[in-house]
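**Student:** My structure is in upload-v2.pdb, and what it holds is PDB, C-alpha atoms:
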ATOM      1  CA  MET A   1      66.793 124.252  74.787
ATOM      2  CA  GLN A   2      67.867 120.880  73.540
ATOM      3  CA  ARG A   3      71.451 119.701  73.423
ATOM      4  CA  GLN A   4      72.592 118.017  70.244
ATOM      5  CA  GLY A   5      75.640 115.788  70.240
ATOM      6  CA  SER A   6      77.339 113.678  72.865
ATOM      7  CA  ILE A   7      78.760 115.505  75.825
ATOM      8  CA  GLY A   8      79.834 112.461  77.782
ATOM      9  CA  GLY A   9      76.324 111.605  78.933
ATOM     10  CA  SER A  10      76.586 107.860  78.485
ATOM     11  CA  ALA A  11      80.086 107.761  79.982
ATOM     12  CA  ALA A  12      78.894 109.680  83.040
ATOM     13  CA  ILE A  13      75.975 107.298  83.463
ATOM     14  CA  ARG A  14      78.259 104.283  83.145
ATOM     15  CA  ILE A  15      80.635 105.718  85.765
ATOM     16  CA  ARG A  16      77.754 106.462  88.154
ATOM     17  CA  VAL A  17      76.171 103.045  87.769
ATOM     18  CA  THR A  18      79.483 101.220  88.078
ATOM     19  CA  GLY A  19      80.476 103.339  91.082
ATOM     20  CA  GLY A  20      77.117 102.735  92.755
ATOM     21  CA  VAL A  21      77.210  98.967  92.213
ATOM     22  CA  LEU A  22      80.806  98.692  93.445
ATOM     23  CA  LEU A  23      79.994 100.945  96.427
ATOM     24  CA  VAL A  24      77.115  98.707  97.509
ATOM     25  CA  ALA A  25      79.228  95.573  97.002
ATOM     26  CA  HIS A  26      82.082  97.039  99.068
ATOM     27  CA  LEU A  27      79.767  98.104 101.893
ATOM     28  CA  VAL A  28      78.203  94.625 101.989
ATOM     29  CA  LEU A  29      81.696  93.091 102.212
ATOM     30  CA  VAL A  30      82.722  95.499 105.002
ATOM     31  CA  ALA A  31      79.512  94.775 106.927
ATOM     32  CA  TRP A  32      80.101  91.049 106.562
ATOM     33  CA  LEU A  33      83.703  91.362 107.788
ATOM     34  CA  MET A  34      83.109  93.766 110.646
ATOM     35  CA  LEU A  35      79.710  92.719 111.990
ATOM     36  CA  ARG A  36      80.283  88.975 112.346
ATOM     37  CA  PRO A  37      80.468  87.749 115.925
ATOM     38  CA  LEU A  38      83.907  86.649 117.065
ATOM     39  CA  ASP A  39      84.343  83.476 119.077
ATOM     40  CA  VAL A  40      87.002  84.606 121.529
ATOM     41  CA  PRO A  41      87.593  83.565 125.165
ATOM     42  CA  TRP A  42      87.983  87.184 126.315
ATOM     43  CA  VAL A  43      87.492  90.671 124.914
ATOM     44  CA  MET A  44      89.730  93.720 125.195
ATOM     45  CA  PRO A  45      88.163  96.779 126.807
ATOM     46  CA  PRO A  46      86.971  99.506 124.435
ATOM     47  CA  ASN A  47      89.595 102.032 123.330
ATOM     48  CA  LEU A  48      88.149 105.528 123.693
ATOM     49  CA  ARG A  49      91.479 107.409 123.868
ATOM     50  CA  PRO A  50      92.503 108.693 120.425
ATOM     51  CA  LEU A  51      95.847 107.385 119.144
ATOM     52  CA  ALA A  52      96.388 105.071 122.146
ATOM     53  CA  GLY A  53      95.967 101.922 120.034
ATOM     54  CA  ILE A  54      98.134 103.315 117.240
ATOM     55  CA  ARG A  55     100.898 104.105 119.744
ATOM     56  CA  ALA A  56     100.631 100.579 121.172
ATOM     57  CA  ASP A  57     100.900  99.110 117.650
ATOM     58  CA  LEU A  58     103.916 101.292 116.857
ATOM     59  CA  ALA A  59     105.565 100.170 120.121
ATOM     60  CA  LEU A  60     105.676  96.657 118.630
ATOM     61  CA  GLY A  61     107.975  97.943 115.872
ATOM     62  CA  TRP A  62     107.288  98.539 112.202
ATOM     63  CA  PRO A  63     106.896  94.904 111.148
ATOM     64  CA  GLY A  64     104.395  94.263 113.948
ATOM     65  CA  ALA A  65     102.548  97.539 113.414
ATOM     66  CA  ALA A  66     102.280  97.331 109.640
ATOM     67  CA  ARG A  67      99.476  94.768 109.570
ATOM     68  CA  PRO A  68      96.983  96.354 112.030
ATOM     69  CA  LEU A  69      97.642  99.867 110.740
ATOM     70  CA  GLY A  70      97.421  98.730 107.106
ATOM     71  CA  GLU A  71      94.157  96.912 107.783
ATOM     72  CA  GLY A  72      92.706 100.015 109.420
ATOM     73  CA  LEU A  73      93.733 102.211 106.497
ATOM     74  CA  ALA A  74      92.615  99.759 103.795
ATOM     75  CA  LEU A  75      89.197  98.736 105.166
ATOM     76  CA  LEU A  76      87.229 101.759 103.930
ATOM     77  CA  ALA A  77      89.824 103.207 101.536
ATOM     78  CA  PRO A  78      87.825 102.219  98.415
ATOM     79  CA  LEU A  79      85.103 104.626  99.569
ATOM     80  CA  GLY A  80      87.507 107.469  98.753
ATOM     81  CA  VAL A  81      87.143 106.551  95.082
ATOM     82  CA  LEU A  82      83.699 104.927  94.973
ATOM     83  CA  LEU A  83      81.761 107.756  96.624
ATOM     84  CA  PRO A  84      82.879 110.383  94.061
ATOM     85  CA  ALA A  85      82.352 107.848  91.254
ATOM     86  CA  ALA A  86      78.792 107.202  92.417
ATOM     87  CA  HIS A  87      78.254 110.969  92.565
ATOM     88  CA  GLY A  88      79.550 111.207  89.005
ATOM     89  CA  ARG A  89      80.396 114.911  88.640
ATOM     90  CA  LEU A  90      83.504 116.042  86.796
ATOM     91  CA  THR A  91      83.367 119.755  87.548
ATOM     92  CA  VAL A  92      83.394 120.045  91.300
ATOM     93  CA  SER A  93      85.641 121.798  93.762
ATOM     94  CA  PRO A  94      88.460 119.411  94.765
ATOM     95  CA  LEU A  95      88.366 120.634  98.366
ATOM     96  CA  ALA A  96      84.582 120.276  98.643
ATOM     97  CA  SER A  97      84.773 116.785  97.145
ATOM     98  CA  LEU A  98      87.501 115.799  99.613
ATOM     99  CA  ILE A  99      85.559 117.167 102.585
ATOM    100  CA  ARG A 100      82.322 115.432 101.510
ATOM    101  CA  THR A 101      84.110 112.141 100.935
ATOM    102  CA  ALA A 102      86.021 112.327 104.241
ATOM    103  CA  ALA A 103      82.825 113.160 106.145
ATOM    104  CA  ALA A 104      80.955 110.286 104.508
ATOM    105  CA  GLY A 105      83.837 107.908 105.268
ATOM    106  CA  ALA A 106      83.912 109.041 108.897
ATOM    107  CA  LEU A 107      80.149 108.557 109.205
ATOM    108  CA  VAL A 108      80.309 105.058 107.700
ATOM    109  CA  SER A 109      83.142 104.169 110.064
ATOM    110  CA  LEU A 110      81.209 105.586 113.025
ATOM    111  CA  GLY A 111      78.132 103.617 111.989
ATOM    112  CA  ILE A 112      80.163 100.412 111.867
ATOM    113  CA  ALA A 113      81.650 101.157 115.299
ATOM    114  CA  LEU A 114      78.204 101.763 116.766
ATOM    115  CA  LEU A 115      76.808  98.585 115.211
ATOM    116  CA  GLN A 116      79.761  96.602 116.583
ATOM    117  CA  THR A 117      78.678  97.414 120.151
ATOM    118  CA  GLY A 118      75.894  94.853 119.818
ATOM    119  CA  VAL A 119      78.050  92.145 118.225
ATOM    120  CA  PRO A 120      79.623  89.562 120.570
ATOM    121  CA  GLY A 121      83.402  89.739 120.602
ATOM    122  CA  ARG A 122      83.609  93.207 119.016
ATOM    123  CA  VAL A 123      84.505  96.402 120.879
ATOM    124  CA  VAL A 124      84.626 100.076 119.988
ATOM    125  CA  ASP A 125      88.030 101.422 118.992
ATOM    126  CA  VAL A 126      88.292 105.130 118.235
ATOM    127  CA  ASP A 127      91.586 104.535 116.441
ATOM    128  CA  SER A 128      89.845 102.390 113.839
ATOM    129  CA  LEU A 129      87.590 105.358 113.080
ATOM    130  CA  LEU A 130      90.654 107.585 112.630
ATOM    131  CA  LEU A 131      92.502 105.038 110.477
ATOM    132  CA  ASN A 132      89.437 104.304 108.324
ATOM    133  CA  THR A 133      88.867 108.006 107.684
ATOM    134  CA  ALA A 134      92.553 108.541 106.901
ATOM    135  CA  GLY A 135      92.404 105.647 104.427
ATOM    136  CA  VAL A 136      89.394 107.207 102.679
ATOM    137  CA  VAL A 137      91.191 110.567 102.439
ATOM    138  CA  LEU A 138      94.438 109.040 101.138
ATOM    139  CA  ALA A 139      92.647 106.987  98.477
ATOM    140  CA  HIS A 140      90.655 110.039  97.413
ATOM    141  CA  LEU A 141      93.769 112.196  97.107
ATOM    142  CA  ALA A 142      95.680 109.500  95.237
ATOM    143  CA  VAL A 143      93.045 108.708  92.600
ATOM    144  CA  VAL A 144      90.151 111.153  92.257
ATOM    145  CA  PRO A 145      91.813 114.434  91.177
ATOM    146  CA  ALA A 146      93.894 112.712  88.479
ATOM    147  CA  GLY A 147      90.927 110.623  87.334
ATOM    148  CA  ARG A 148      88.648 113.651  87.051
ATOM    149  CA  ALA A 149      91.311 115.589  85.128
ATOM    150  CA  ARG A 150      91.717 112.684  82.714
ATOM    151  CA  LEU A 151      87.967 112.385  82.167
ATOM    152  CA  ARG A 152      87.655 116.160  81.620
ATOM    153  CA  ARG A 153      90.432 116.043  78.993
ATOM    154  CA  GLN A 154      88.719 113.110  77.321
ATOM    155  CA  GLU A 155      85.385 114.953  77.349
ATOM    156  CA  GLU A 156      86.982 118.036  75.758
ATOM    157  CA  ARG A 157      88.527 115.890  72.989
ATOM    158  CA  GLU A 158      85.340 113.969  72.114
ATOM    159  CA  PRO A 159      83.458 116.703  70.216
ATOM    160  CA  GLY A 160      86.601 117.684  68.276
ATOM    161  CA  GLU A 161      87.328 114.104  67.182
ATOM    162  CA  THR A 162      84.078 113.708  65.271
ATOM    163  CA  GLY A 163      84.537 117.038  63.531
ATOM    164  CA  GLN A 164      81.345 118.421  65.029
ATOM    165  CA  ALA A 165      81.085 120.557  68.064
ATOM    166  CA  ALA A 166      78.133 120.126  70.356
ATOM    167  CA  THR A 167      75.470 122.614  69.297
ATOM    168  CA  VAL A 168      72.550 123.993  71.210
ATOM    169  CA  GLN A 169      69.329 124.493  69.295
ATOM    170  CA  GLU A 170      66.008 125.826  70.420
ATOM    171  CA  GLU A 171      63.008 123.578  70.137
ATOM    172  CA  PRO A 172      60.448 124.600  67.518
ATOM    173  CA  ALA A 173      57.249 126.224  68.707
ATOM    174  CA  GLN A 174      54.457 123.739  69.256
ATOM    175  CA  GLY A 175      51.498 126.115  69.125
ATOM    176  CA  ARG A 176      49.648 128.258  71.615
ATOM    177  CA  THR A 177      49.650 127.392  75.270
ATOM    178  CA  PRO A 178      46.136 126.255  76.195
ATOM    179  CA  THR A 179      44.235 128.420  78.666
ATOM    180  CA  ILE A 180      41.637 127.254  81.120
ATOM    181  CA  PRO A 181      38.559 129.494  81.415
ATOM    182  CA  ARG A 182      37.766 130.721  84.896
ATOM    183  CA  VAL A 183      35.117 128.729  86.656
ATOM    184  CA  GLY A 184      33.048 130.405  89.319
ATOM    185  CA  ILE A 185      33.046 128.997  92.787
ATOM    186  CA  ALA A 186      29.678 127.783  94.047
ATOM    187  CA  PRO A 187      28.352 129.389  97.261
TER     188      PRO A 187
END
If you took the structure in this file and wrote it as structure tokens, what would it be?
**Tutor:**
Amino acid sequence: MQRQGSIGGSAAIRIRVTGGVLLVAHLVLVAWLMLRPLDVPWVMPPNLRPLAGIRADLALGWPGAARPLGEGLALLAPLGVLLPAAHGRLTVSPLASLIRTAAAGALVSLGIALLQTGVPGRVVDVDSLLLNTAGVVLAHLAVVPAGRARLRRQEEREPGETGQAATVQEEPAQGRTPTIPRVGIAP
């Protein structure tokens, strides 16, 4: 069967390509920011207790905690939008999309944390993994469902605007299917 008419094919391709290019650019920027060696006289010990660093930041008060917490949330937050855009599907379960995006964000954050162990001046902080993943989830929830709904409405309007609905036609027959005669197998 061959589809006649535009059903958002070029728009979906543009969204996928744009999402993929922006995703790669963002990951390169994050790698450049997070995997550069730091020239510091001393290094804090690794934080392996969940929420300990967040509690210490909050103990400084809201003005003092806003910057480190905001940086942790914002570092990978664009992945919450760019990963679904690179995937490019409009009809997908919102919960499944959220879970896939959160898992991918957590894995990227974990990969960065593991790579930082070999970089001078950088230490592992489990709270950064939690904040990065929370930022991905918040960005996904804030943008993706509304964006997909808008694109679906736009896709539904497109065929009606031109006065033609998308039609499905069968391809014409192209003749008999060729057959291959049986060949005997030599002993």
**Student:** Select, from A:Ala85, A:Pro178, A:Leu48, A:Val40, the residue with the minimum atom-to-atom distance to Val21 of chain A, counting all atoms listed in the file.
**Tutor:**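 Between A:Ala85, A:Pro178, A:Leu48, A:Val40, the residue approaching Val21 of chain A most closely is A:Ala85.
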**Student:** Atom CA of Leu33 of chain A and atom CA of Ala142 of chain A are how many Å apart?
**Tutor:**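 Answer for the atom CA of Leu33 of chain A to atom CA of Ala142 of chain A separation: 25.1 Å.
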**Student:** For a test of reading the model, state the distance in Å between atom CA of Pro68 of chain A and atom CA of Val137 of chain A, rounded to one decimal.
**Tutor:**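 About the pair atom CA of Pro68 of chain A and atom CA of Val137 of chain A: they are 18.1 Å apart.
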**Student:** Please provide the set of residues having any atom within 9 Å of Pro78 of chain A, restricted to all atoms listed in the file, with same-chain residues fewer than 3 positions apart removed, written as a PyMOL selection string.
**Tutor:** chain A and resi 23+26+74-75+81-83+135-136+139-140
**Student:** Quick one: pull the distance between atom CA of Asp39 of chain A and atom CA of Gly121 of chain A, Å, one decimal.
**Tutor:**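 Separating atom CA of Asp39 of chain A from atom CA of Gly121 of chain A is a distance of 6.5 Å.
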**Student:** Write out as a PyMOL selection string which residues come within 10 Å of segment 96-107 of chain A when counting only C-alpha atoms, dropping same-chain ones fewer than 5 positions away.
**Tutor:** chain A and resi 76-84+87+89+112-113+129-138+140-141+144-145
**Student:** Can you work out which one of A:Leu110, A:Leu90, A:Leu115, A:Ala31 has the shortest atom-to-atom distance to Glu156 of chain A, counting all atoms listed in the file?
**Tutor:** A:Leu90
**Student:** Could you check the closest approach to Val30 of chain A for each of A:Val17, A:Val108, A:Leu58, A:Ala11 and tell me which residue wins, using all atoms listed in the file?
**Tutor:** A:Val108
**Student:** Which residue, A:Leu151, A:Gly111, A:Gly175, A:Ala86, has the smallest gap to Gly20 of chain A when you use all atoms listed in the file?
**Tutor:** A:Ala86
**Student:** Applying 12 Å and all atoms listed in the file, which residues near Ile54 of chain A remain after dropping the ones on its own chain fewer than 3 positions away? List them as JSON, numbers by chain.
**Tutor:** {"A": [47, 49, 50, 51, 57, 58, 59, 60, 61, 62, 64, 65, 66, 67, 68, 69, 70, 72, 73, 125, 126, 127, 128, 129, 130, 131]}
**Student:** I'd like to know which of A:Ile13, A:Val28, A:Val92, A:Val43 is closest to Arg152 of chain A, using only C-alpha atoms.
**Tutor:** A:Val92
**Student:** With all atoms listed in the file as the basis for distance, which of A:Ala52, A:Ile185, A:Pro94, A:Gly19 is at the shortest distance from Ala146 of chain A?
**Tutor:** A:Pro94
**Student:** Excluding Pro37 of chain A and residues on its chain fewer than 2 positions from it, collect all residues at most 9 Å away from it, counting all atoms listed in the file, and give them as an NGL selection string.
**Tutor:** :A and (34-35 or 39 or 116 or 119-122)
**Student:** Output, as lines of an AutoDock Vina configuration file, the centre and edge lengths in Å (one decimal) of the axis-aligned box that contains all listed atoms of segment 47-50 of chain A with 4 Å of margin on each side.
**Tutor:**
center_x = 90.3
center_y = 105.4
center_z = 122.1
size_x = 12.4
size_y = 14.7
size_z = 11.4
